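File shown: protein_34.pdb (PDB, C-alpha atoms, pLDDT in the B column).
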```
ATOM      1  CA  VAL Z  16       1.732  -5.355   8.539  1.00 55.00           C
ATOM      2  CA  GLY Z  17       2.035  -2.878   5.726  1.00 74.00           C
ATOM      3  CA  LEU Z  18       1.811  -2.866   1.989  1.00 80.00           C
ATOM      4  CA  ARG Z  19       3.266  -6.156   0.783  1.00 84.00           C
ATOM      5  CA  SER Z  20       2.305  -9.531  -0.665  1.00 91.00           C
ATOM      6  CA  ILE Z  21      -1.237  -9.776  -2.039  1.00 93.00           C
ATOM      7  CA  ARG Z  22      -2.027  -6.214  -0.950  1.00 93.00           C
ATOM      8  CA  LEU Z  23       0.733  -4.825  -3.146  1.00 94.00           C
ATOM      9  CA  SER Z  24      -0.210  -7.172  -5.992  1.00 96.00           C
ATOM     10  CA  LEU Z  25      -3.847  -6.073  -5.962  1.00 95.00           C
ATOM     11  CA  LEU Z  26      -2.783  -2.423  -6.040  1.00 95.00           C
ATOM     12  CA  ASN Z  27      -0.374  -3.015  -8.922  1.00 95.00           C
ATOM     13  CA  THR Z  28      -2.427  -5.119 -11.322  1.00 97.00           C
ATOM     14  CA  PRO Z  29      -0.051  -4.825 -14.325  1.00 97.00           C
ATOM     15  CA  MET Z  30       2.855  -6.212 -12.277  1.00 97.00           C
ATOM     16  CA  PHE Z  31       0.644  -8.926 -10.779  1.00 97.00           C
ATOM     17  CA  LYS Z  32      -0.622  -9.961 -14.220  1.00 98.00           C
ATOM     18  CA  ARG Z  33       2.964 -10.216 -15.537  1.00 98.00           C
ATOM     19  CA  GLN Z  34       3.873 -12.499 -12.618  1.00 97.00           C
ATOM     20  CA  LEU Z  35       0.798 -14.703 -13.108  1.00 98.00           C
ATOM     21  CA  ARG Z  36       1.373 -14.810 -16.864  1.00 98.00           C
ATOM     22  CA  ALA Z  37       4.932 -16.080 -16.292  1.00 98.00           C
ATOM     23  CA  ILE Z  38       3.697 -18.735 -13.841  1.00 97.00           C
ATOM     24  CA  LEU Z  39       1.017 -19.914 -16.237  1.00 98.00           C
ATOM     25  CA  ARG Z  40       3.417 -20.056 -19.182  1.00 97.00           C
ATOM     26  CA  ALA Z  41       5.828 -22.120 -17.075  1.00 97.00           C
ATOM     27  CA  SER Z  42       3.023 -24.497 -16.129  1.00 97.00           C
ATOM     28  CA  VAL Z  43       3.319 -26.382 -19.429  1.00 96.00           C
ATOM     29  CA  HIS Z  44       6.793 -27.545 -18.378  1.00 96.00           C
ATOM     30  CA  GLY Z  45       5.821 -29.192 -15.078  1.00 94.00           C
ATOM     31  CA  ASN Z  46       3.588 -29.308 -12.062  1.00 92.00           C
ATOM     32  CA  VAL Z  47       2.904 -25.702 -11.022  1.00 95.00           C
ATOM     33  CA  ARG Z  48       0.509 -24.319  -8.453  1.00 97.00           C
ATOM     34  CA  VAL Z  49      -0.417 -20.732  -7.626  1.00 98.00           C
ATOM     35  CA  MET Z  50      -0.415 -19.651  -4.008  1.00 97.00           C
ATOM     36  CA  PHE Z  51      -1.532 -16.204  -2.901  1.00 98.00           C
ATOM     37  CA  PRO Z  52       0.308 -14.844   0.166  1.00 96.00           C
ATOM     38  CA  LEU Z  53      -0.996 -12.858   3.150  1.00 95.00           C
ATOM     39  CA  ILE Z  54      -4.678 -13.367   2.341  1.00 97.00           C
ATOM     40  CA  SER Z  55      -6.854 -11.892   5.081  1.00 96.00           C
ATOM     41  CA  THR Z  56     -10.302 -11.674   3.470  1.00 97.00           C
ATOM     42  CA  LEU Z  57     -12.404 -13.692   1.055  1.00 97.00           C
ATOM     43  CA  LEU Z  58     -12.607 -10.600  -1.157  1.00 97.00           C
ATOM     44  CA  GLU Z  59      -8.793 -10.513  -1.508  1.00 97.00           C
ATOM     45  CA  PHE Z  60      -8.688 -14.157  -2.538  1.00 98.00           C
ATOM     46  CA  ARG Z  61     -11.561 -13.731  -4.982  1.00 98.00           C
ATOM     47  CA  GLN Z  62      -9.983 -10.627  -6.520  1.00 98.00           C
ATOM     48  CA  ALA Z  63      -6.647 -12.394  -6.941  1.00 98.00           C
ATOM     49  CA  LYS Z  64      -8.318 -15.428  -8.487  1.00 98.00           C
ATOM     50  CA  MET Z  65     -10.339 -13.205 -10.836  1.00 98.00           C
ATOM     51  CA  ILE Z  66      -7.113 -11.576 -12.052  1.00 98.00           C
ATOM     52  CA  LEU Z  67      -5.652 -15.061 -12.573  1.00 98.00           C
ATOM     53  CA  MET Z  68      -8.720 -15.992 -14.664  1.00 98.00           C
ATOM     54  CA  ASP Z  69      -8.280 -12.783 -16.708  1.00 98.00           C
ATOM     55  CA  VAL Z  70      -4.668 -13.727 -17.436  1.00 98.00           C
ATOM     56  CA  MET Z  71      -5.796 -17.210 -18.444  1.00 98.00           C
ATOM     57  CA  GLU Z  72      -8.299 -15.708 -20.886  1.00 98.00           C
ATOM     58  CA  ASP Z  73      -5.600 -13.433 -22.338  1.00 98.00           C
ATOM     59  CA  LEU Z  74      -3.251 -16.376 -22.875  1.00 98.00           C
ATOM     60  CA  GLU Z  75      -6.058 -18.390 -24.432  1.00 98.00           C
ATOM     61  CA  ASP Z  76      -6.916 -15.535 -26.813  1.00 98.00           C
ATOM     62  CA  GLU Z  77      -3.240 -15.291 -27.785  1.00 98.00           C
ATOM     63  CA  GLY Z  78      -2.958 -19.046 -28.347  1.00 98.00           C
ATOM     64  CA  ILE Z  79      -0.260 -19.409 -25.712  1.00 98.00           C
ATOM     65  CA  PRO Z  80      -0.355 -22.816 -24.008  1.00 97.00           C
ATOM     66  CA  PHE Z  81      -0.728 -23.168 -20.234  1.00 97.00           C
ATOM     67  CA  GLN Z  82      -2.081 -25.652 -17.721  1.00 95.00           C
ATOM     68  CA  ARG Z  83      -5.789 -24.787 -17.475  1.00 92.00           C
ATOM     69  CA  ASN Z  84      -6.614 -26.746 -14.316  1.00 94.00           C
ATOM     70  CA  ILE Z  85      -3.859 -25.228 -12.179  1.00 96.00           C
ATOM     71  CA  GLN Z  86      -4.368 -25.516  -8.429  1.00 97.00           C
ATOM     72  CA  VAL Z  87      -4.890 -22.247  -6.572  1.00 98.00           C
ATOM     73  CA  GLY Z  88      -4.191 -21.976  -2.864  1.00 98.00           C
ATOM     74  CA  MET Z  89      -3.373 -19.465  -0.194  1.00 98.00           C
ATOM     75  CA  MET Z  90      -0.998 -18.847   2.646  1.00 97.00           C
ATOM     76  CA  VAL Z  91      -2.554 -18.917   6.109  1.00 98.00           C
ATOM     77  CA  GLU Z  92      -0.455 -16.336   7.914  1.00 96.00           C
ATOM     78  CA  VAL Z  93      -2.848 -14.001   9.692  1.00 96.00           C
ATOM     79  CA  PRO Z  94      -5.466 -14.565  12.408  1.00 97.00           C
ATOM     80  CA  SER Z  95      -8.344 -13.563  10.113  1.00 97.00           C
ATOM     81  CA  ALA Z  96      -7.431 -16.399   7.731  1.00 98.00           C
ATOM     82  CA  VAL Z  97      -7.562 -18.860  10.629  1.00 98.00           C
ATOM     83  CA  ILE Z  98     -10.927 -17.566  11.815  1.00 98.00           C
ATOM     84  CA  LEU Z  99     -12.302 -17.830   8.270  1.00 98.00           C
ATOM     85  CA  ALA Z 100     -10.579 -21.149   7.505  1.00 98.00           C
ATOM     86  CA  GLU Z 101     -13.871 -22.973   6.906  1.00 98.00           C
ATOM     87  CA  GLU Z 102     -14.981 -20.377   4.360  1.00 98.00           C
ATOM     88  CA  PHE Z 103     -11.596 -20.266   2.640  1.00 98.00           C
ATOM     89  CA  ALA Z 104     -11.444 -24.072   2.495  1.00 98.00           C
ATOM     90  CA  ARG Z 105     -14.531 -24.049   0.267  1.00 97.00           C
ATOM     91  CA  GLU Z 106     -12.759 -21.810  -2.272  1.00 97.00           C
ATOM     92  CA  VAL Z 107      -9.103 -22.885  -2.335  1.00 98.00           C
ATOM     93  CA  ASP Z 108      -7.384 -26.028  -3.573  1.00 98.00           C
ATOM     94  CA  PHE Z 109      -4.876 -26.054  -0.715  1.00 98.00           C
ATOM     95  CA  PHE Z 110      -3.595 -24.198   2.344  1.00 98.00           C
ATOM     96  CA  SER Z 111       0.013 -23.440   3.140  1.00 98.00           C
ATOM     97  CA  ILE Z 112       0.417 -22.393   6.757  1.00 98.00           C
ATOM     98  CA  GLY Z 113       3.196 -19.833   7.163  1.00 96.00           C
ATOM     99  CA  THR Z 114       3.955 -20.554  10.802  1.00 97.00           C
ATOM    100  CA  ASN Z 115       6.579 -17.830  11.266  1.00 95.00           C
ATOM    101  CA  ASP Z 116       4.218 -14.980  10.387  1.00 95.00           C
ATOM    102  CA  LEU Z 117       1.161 -16.670  11.889  1.00 97.00           C
ATOM    103  CA  ILE Z 118       2.836 -16.985  15.295  1.00 97.00           C
ATOM    104  CA  GLN Z 119       4.078 -13.392  15.163  1.00 95.00           C
ATOM    105  CA  TYR Z 120       0.635 -12.031  14.314  1.00 95.00           C
ATOM    106  CA  LEU Z 121      -1.250 -14.255  16.741  1.00 96.00           C
ATOM    107  CA  LEU Z 122       1.003 -13.360  19.668  1.00 96.00           C
ATOM    108  CA  ALA Z 123       1.808  -9.764  18.640  1.00 94.00           C
ATOM    109  CA  VAL Z 124       5.520 -10.585  18.755  1.00 94.00           C
ATOM    110  CA  ASP Z 125       8.125  -9.094  16.455  1.00 89.00           C
ATOM    111  CA  ARG Z 126      10.932 -11.656  16.431  1.00 86.00           C
ATOM    112  CA  SER Z 127      13.449  -8.982  15.462  1.00 87.00           C
ATOM    113  CA  ASN Z 128      12.654  -6.899  18.556  1.00 90.00           C
ATOM    114  CA  GLN Z 129      14.954  -8.008  21.388  1.00 89.00           C
ATOM    115  CA  TYR Z 130      12.415  -7.018  24.044  1.00 92.00           C
ATOM    116  CA  VAL Z 131       9.554  -9.180  22.807  1.00 91.00           C
ATOM    117  CA  ALA Z 132      11.355 -11.865  20.781  1.00 89.00           C
ATOM    118  CA  PRO Z 133      11.441 -14.228  23.799  1.00 90.00           C
ATOM    119  CA  MET Z 134       7.616 -14.211  23.748  1.00 93.00           C
ATOM    120  CA  TYR Z 135       7.621 -15.920  20.325  1.00 93.00           C
ATOM    121  CA  ALA Z 136       6.178 -19.302  21.323  1.00 95.00           C
ATOM    122  CA  PRO Z 137       5.276 -21.892  18.657  1.00 96.00           C
ATOM    123  CA  LEU Z 138       3.652 -24.132  21.291  1.00 96.00           C
ATOM    124  CA  HIS Z 139       1.484 -21.360  22.775  1.00 97.00           C
ATOM    125  CA  PRO Z 140      -2.096 -22.632  23.256  1.00 97.00           C
ATOM    126  CA  ALA Z 141      -3.429 -19.977  20.848  1.00 97.00           C
ATOM    127  CA  VAL Z 142      -1.041 -21.170  18.144  1.00 98.00           C
ATOM    128  CA  LEU Z 143      -1.980 -24.811  18.666  1.00 97.00           C
ATOM    129  CA  ARG Z 144      -5.700 -23.982  18.556  1.00 98.00           C
ATOM    130  CA  ALA Z 145      -5.203 -21.970  15.375  1.00 98.00           C
ATOM    131  CA  LEU Z 146      -3.320 -24.826  13.736  1.00 98.00           C
ATOM    132  CA  ARG Z 147      -6.023 -27.273  14.833  1.00 98.00           C
ATOM    133  CA  ARG Z 148      -8.745 -25.080  13.374  1.00 98.00           C
ATOM    134  CA  VAL Z 149      -6.999 -24.896  10.003  1.00 98.00           C
ATOM    135  CA  ILE Z 150      -6.397 -28.661   9.734  1.00 98.00           C
ATOM    136  CA  GLU Z 151     -10.000 -29.371  10.719  1.00 98.00           C
ATOM    137  CA  ALA Z 152     -11.285 -26.995   8.036  1.00 98.00           C
ATOM    138  CA  SER Z 153      -8.866 -28.491   5.543  1.00 98.00           C
ATOM    139  CA  ASN Z 154      -9.894 -32.058   6.331  1.00 98.00           C
ATOM    140  CA  ALA Z 155     -13.606 -31.212   6.234  1.00 98.00           C
ATOM    141  CA  ALA Z 156     -13.184 -29.701   2.759  1.00 98.00           C
ATOM    142  CA  GLY Z 157     -10.881 -32.472   1.544  1.00 98.00           C
ATOM    143  CA  ILE Z 158      -8.007 -30.150   0.685  1.00 98.00           C
ATOM    144  CA  PRO Z 159      -4.361 -30.492   1.719  1.00 98.00           C
ATOM    145  CA  SER Z 160      -2.647 -28.259   4.271  1.00 98.00           C
ATOM    146  CA  ILE Z 161       1.107 -27.853   4.084  1.00 97.00           C
ATOM    147  CA  VAL Z 162       3.061 -26.481   7.053  1.00 97.00           C
ATOM    148  CA  CYS Z 163       6.010 -24.269   6.238  1.00 95.00           C
ATOM    149  CA  GLY Z 164       8.256 -22.105   8.348  1.00 91.00           C
ATOM    150  CA  GLU Z 165      10.526 -22.989  11.215  1.00 93.00           C
ATOM    151  CA  MET Z 166       7.975 -25.301  12.833  1.00 95.00           C
ATOM    152  CA  ALA Z 167       8.236 -27.674   9.867  1.00 95.00           C
ATOM    153  CA  SER Z 168      11.986 -28.020  10.445  1.00 95.00           C
ATOM    154  CA  ASP Z 169      11.880 -28.610  14.194  1.00 95.00           C
ATOM    155  CA  PRO Z 170      11.624 -32.260  15.362  1.00 94.00           C
ATOM    156  CA  VAL Z 171       9.516 -31.460  18.454  1.00 94.00           C
ATOM    157  CA  HIS Z 172       7.174 -29.208  16.515  1.00 96.00           C
ATOM    158  CA  VAL Z 173       6.798 -31.713  13.680  1.00 96.00           C
ATOM    159  CA  ALA Z 174       5.795 -34.400  16.183  1.00 95.00           C
ATOM    160  CA  MET Z 175       3.168 -32.048  17.603  1.00 95.00           C
ATOM    161  CA  LEU Z 176       1.963 -31.101  14.108  1.00 97.00           C
ATOM    162  CA  ILE Z 177       1.562 -34.764  13.200  1.00 96.00           C
ATOM    163  CA  GLY Z 178      -0.426 -35.213  16.388  1.00 95.00           C
ATOM    164  CA  LEU Z 179      -2.707 -32.398  15.244  1.00 96.00           C
ATOM    165  CA  GLY Z 180      -3.247 -34.179  11.926  1.00 95.00           C
ATOM    166  CA  TYR Z 181      -0.744 -32.556   9.556  1.00 97.00           C
ATOM    167  CA  ASP Z 182       1.164 -34.791   7.176  1.00 94.00           C
ATOM    168  CA  ARG Z 183       2.707 -32.351   4.676  1.00 96.00           C
ATOM    169  CA  PHE Z 184       5.671 -30.132   5.452  1.00 97.00           C
ATOM    170  CA  SER Z 185       7.828 -27.685   3.542  1.00 95.00           C
ATOM    171  CA  MET Z 186      11.360 -27.137   4.827  1.00 94.00           C
ATOM    172  CA  THR Z 187      14.903 -26.357   3.853  1.00 92.00           C
ATOM    173  CA  PRO Z 188      16.701 -29.275   2.184  1.00 94.00           C
ATOM    174  CA  THR Z 189      19.163 -29.519   5.074  1.00 95.00           C
ATOM    175  CA  SER Z 190      16.300 -30.367   7.451  1.00 95.00           C
ATOM    176  CA  ILE Z 191      14.787 -33.190   5.419  1.00 96.00           C
ATOM    177  CA  GLY Z 192      16.968 -36.025   6.738  1.00 96.00           C
ATOM    178  CA  LEU Z 193      16.370 -35.288  10.414  1.00 95.00           C
ATOM    179  CA  ILE Z 194      12.642 -34.651   9.997  1.00 96.00           C
ATOM    180  CA  LYS Z 195      12.287 -37.815   7.910  1.00 95.00           C
ATOM    181  CA  ARG Z 196      13.886 -39.854  10.731  1.00 95.00           C
ATOM    182  CA  VAL Z 197      11.619 -38.218  13.331  1.00 94.00           C
ATOM    183  CA  ILE Z 198       8.495 -38.882  11.305  1.00 94.00           C
ATOM    184  CA  SER Z 199       9.428 -42.509  10.603  1.00 94.00           C
ATOM    185  CA  ALA Z 200       9.832 -43.100  14.366  1.00 93.00           C
ATOM    186  CA  LEU Z 201       6.367 -41.730  15.187  1.00 89.00           C
ATOM    187  CA  ASP Z 202       3.079 -43.559  15.480  1.00 82.00           C
ATOM    188  CA  ARG Z 203       0.148 -41.208  15.145  1.00 75.00           C
TER
END
```
Please express what this file holds, its structure, as structure tokens.
Amino acid sequence: VGLRSIRLSLLNTPMFKRQLRAILRASVHGNVRVMFPLISTLLEFRQAKMILMDVMEDLEDEGIPFQRNIQVGMMVEVPSAVILAEEFAREVDFFSIGTNDLIQYLLAVDRSNQYVAPMYAPLHPAVLRALRRVIEASNAAGIPSIVCGEMASDPVHVAMLIGLGYDRFSMTPTSIGLIKRVISALDR
């Protein structure tokens, strides 16, 4: 996948701390949550959370107000996060499932490659099993799971996701009306 997201943040701690500091300072003005992207190991999540706690201590020492009990979650975008969903669910406040990346990584399909793009299949059995595993881990731990990505904006996929047990979706504003109508017509 390369050097991006949490991997880049953990290698560039000063930049990461500045970003977290800005988020925490903004938290006094409204409901803010922190979500770490592309988490693949428990160690990555723990390191990121430890840096967040360090920033909180710095702000406290400086007398700068922030929301102390901020929720901390993670993106579920890679197969390792799905496989470790039960373990992650014990440590996070919420999951956000990045379906676009998750499907690409599960099926080894680069959507920008014309030769393999047709193999991108949101309803592939492996994708459905992965999504089921995450919602089961989420429910067992009592934490929310939010689905984002193209699946959350597609009426057929939303119906399937509701059937799997999901009830929170993140989508573009232009999709809300249609998805709202689809959901209101469903009976789980």
With 10 Å as the cut-off and all atoms listed in the file counted, what is the closest atom pair between each nearby residue of region 52-105 of chain Z and region 36-39 of chain Z? Distances in Å to one decimal, ordered by chain and number, as JSON lines.
```
{"residue": "Z:Leu67", "atom": "CA", "partner": "Z:Arg36", "partner_atom": "CA", "distance": 8.2}
{"residue": "Z:Asp69", "atom": "CA", "partner": "Z:Arg36", "partner_atom": "CA", "distance": 9.9}
{"residue": "Z:Val70", "atom": "CA", "partner": "Z:Arg36", "partner_atom": "CA", "distance": 6.2}
{"residue": "Z:Met71", "atom": "CA", "partner": "Z:Leu39", "partner_atom": "CA", "distance": 7.7}
{"residue": "Z:Asp73", "atom": "CA", "partner": "Z:Arg36", "partner_atom": "CA", "distance": 9.0}
{"residue": "Z:Leu74", "atom": "CA", "partner": "Z:Arg36", "partner_atom": "CA", "distance": 7.7}
{"residue": "Z:Ile79", "atom": "CA", "partner": "Z:Leu39", "partner_atom": "CA", "distance": 9.6}
{"residue": "Z:Pro80", "atom": "CA", "partner": "Z:Leu39", "partner_atom": "CA", "distance": 8.4}
{"residue": "Z:Phe81", "atom": "CA", "partner": "Z:Leu39", "partner_atom": "CA", "distance": 5.4}
{"residue": "Z:Gln82", "atom": "CA", "partner": "Z:Leu39", "partner_atom": "CA", "distance": 6.7}
{"residue": "Z:Arg83", "atom": "CA", "partner": "Z:Leu39", "partner_atom": "CA", "distance": 8.5}
{"residue": "Z:Ile85", "atom": "CA", "partner": "Z:Leu39", "partner_atom": "CA", "distance": 8.3}
```
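We find CA of Arg40 (chain Z) and CA of Lys64 (chain Z) to be spaced 16.5 Å apart.
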Which of Z:Arg48, Z:Met166, Z:His139, Z:Lys32 sits closest to Glu72 (chain Z) [using all atoms listed in the file]: Z:Lys32
Selection dump of the PyMOL selection byres ((chain Z and resi 146-152) around 7), as a ChimeraX atom specification: /Z:97,100-101,104,142-145,153-156,160,179-181
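The closest residue to Ala136 (chain Z), picked from Z:Ser20, Z:Ser185, Z:Thr28, Z:Asn115 and counting all atoms listed in the file, is Z:Asn115.
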Output the residue selection produced by the PyMOL selection byres ((chain Z and resi 117-132) around 8) on the file above, formatted as a CSV table (one decimal) with C-alpha atoms, in the frame of the given file.
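This is the output file selection.csv:
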```csv
chain,number,residue,atom,x,y,z
Z,91,VAL,CA,-2.6,-18.9,6.1
Z,92,GLU,CA,-0.5,-16.3,7.9
Z,93,VAL,CA,-2.8,-14.0,9.7
Z,94,PRO,CA,-5.5,-14.6,12.4
Z,112,ILE,CA,0.4,-22.4,6.8
Z,113,GLY,CA,3.2,-19.8,7.2
Z,114,THR,CA,4.0,-20.6,10.8
Z,115,ASN,CA,6.6,-17.8,11.3
Z,116,ASP,CA,4.2,-15.0,10.4
Z,133,PRO,CA,11.4,-14.2,23.8
Z,134,MET,CA,7.6,-14.2,23.7
Z,135,TYR,CA,7.6,-15.9,20.3
Z,136,ALA,CA,6.2,-19.3,21.3
Z,137,PRO,CA,5.3,-21.9,18.7
Z,141,ALA,CA,-3.4,-20.0,20.8
Z,142,VAL,CA,-1.0,-21.2,18.1
```
Interatomic distance (Å, one decimal) between CA of Phe51 (chain Z) and CA of Cys163 (chain Z):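 Rounded to one decimal, the two atoms are 14.3 Å apart.
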Draw an axis-aligned box over all listed atoms of region 46-56 of chain Z, pad each side with 3 Å, and write its centre and edge lengths in Å, one decimal, as JSON.
```
{"center_x": -3.4, "center_y": -20.5, "center_z": -3.5, "size_x": 19.9, "size_y": 23.6, "size_z": 23.1}
```
Nearest residue to Val197 (chain Z) from the set Z:Arg22, Z:His172, Z:Arg183, Z:Arg105 (distances using all atoms listed in the file):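 The shortest atom-to-atom distance to Val197 (chain Z) comes from Z:His172.
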Separation of CA of Met65 (chain Z) from CA of Phe31 (chain Z), in Å and rounded to one decimal: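 Computed distance, CA of Met65 (chain Z) to CA of Phe31 (chain Z), equals 11.8 Å.
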Selection result for the PyMOL selection byres ((chain Z and resi 21) around 12) on this file, as a PyMOL selection string: chain Z and resi 16-20+22-28+30-31+50-56+58-64+66+89-90+92
Shortest interatomic distance to Phe110 (chain Z) - which of Z:Ile177, Z:Val47, Z:Ile161, Z:Ile198, counting all atoms listed in the file: Z:Ile161
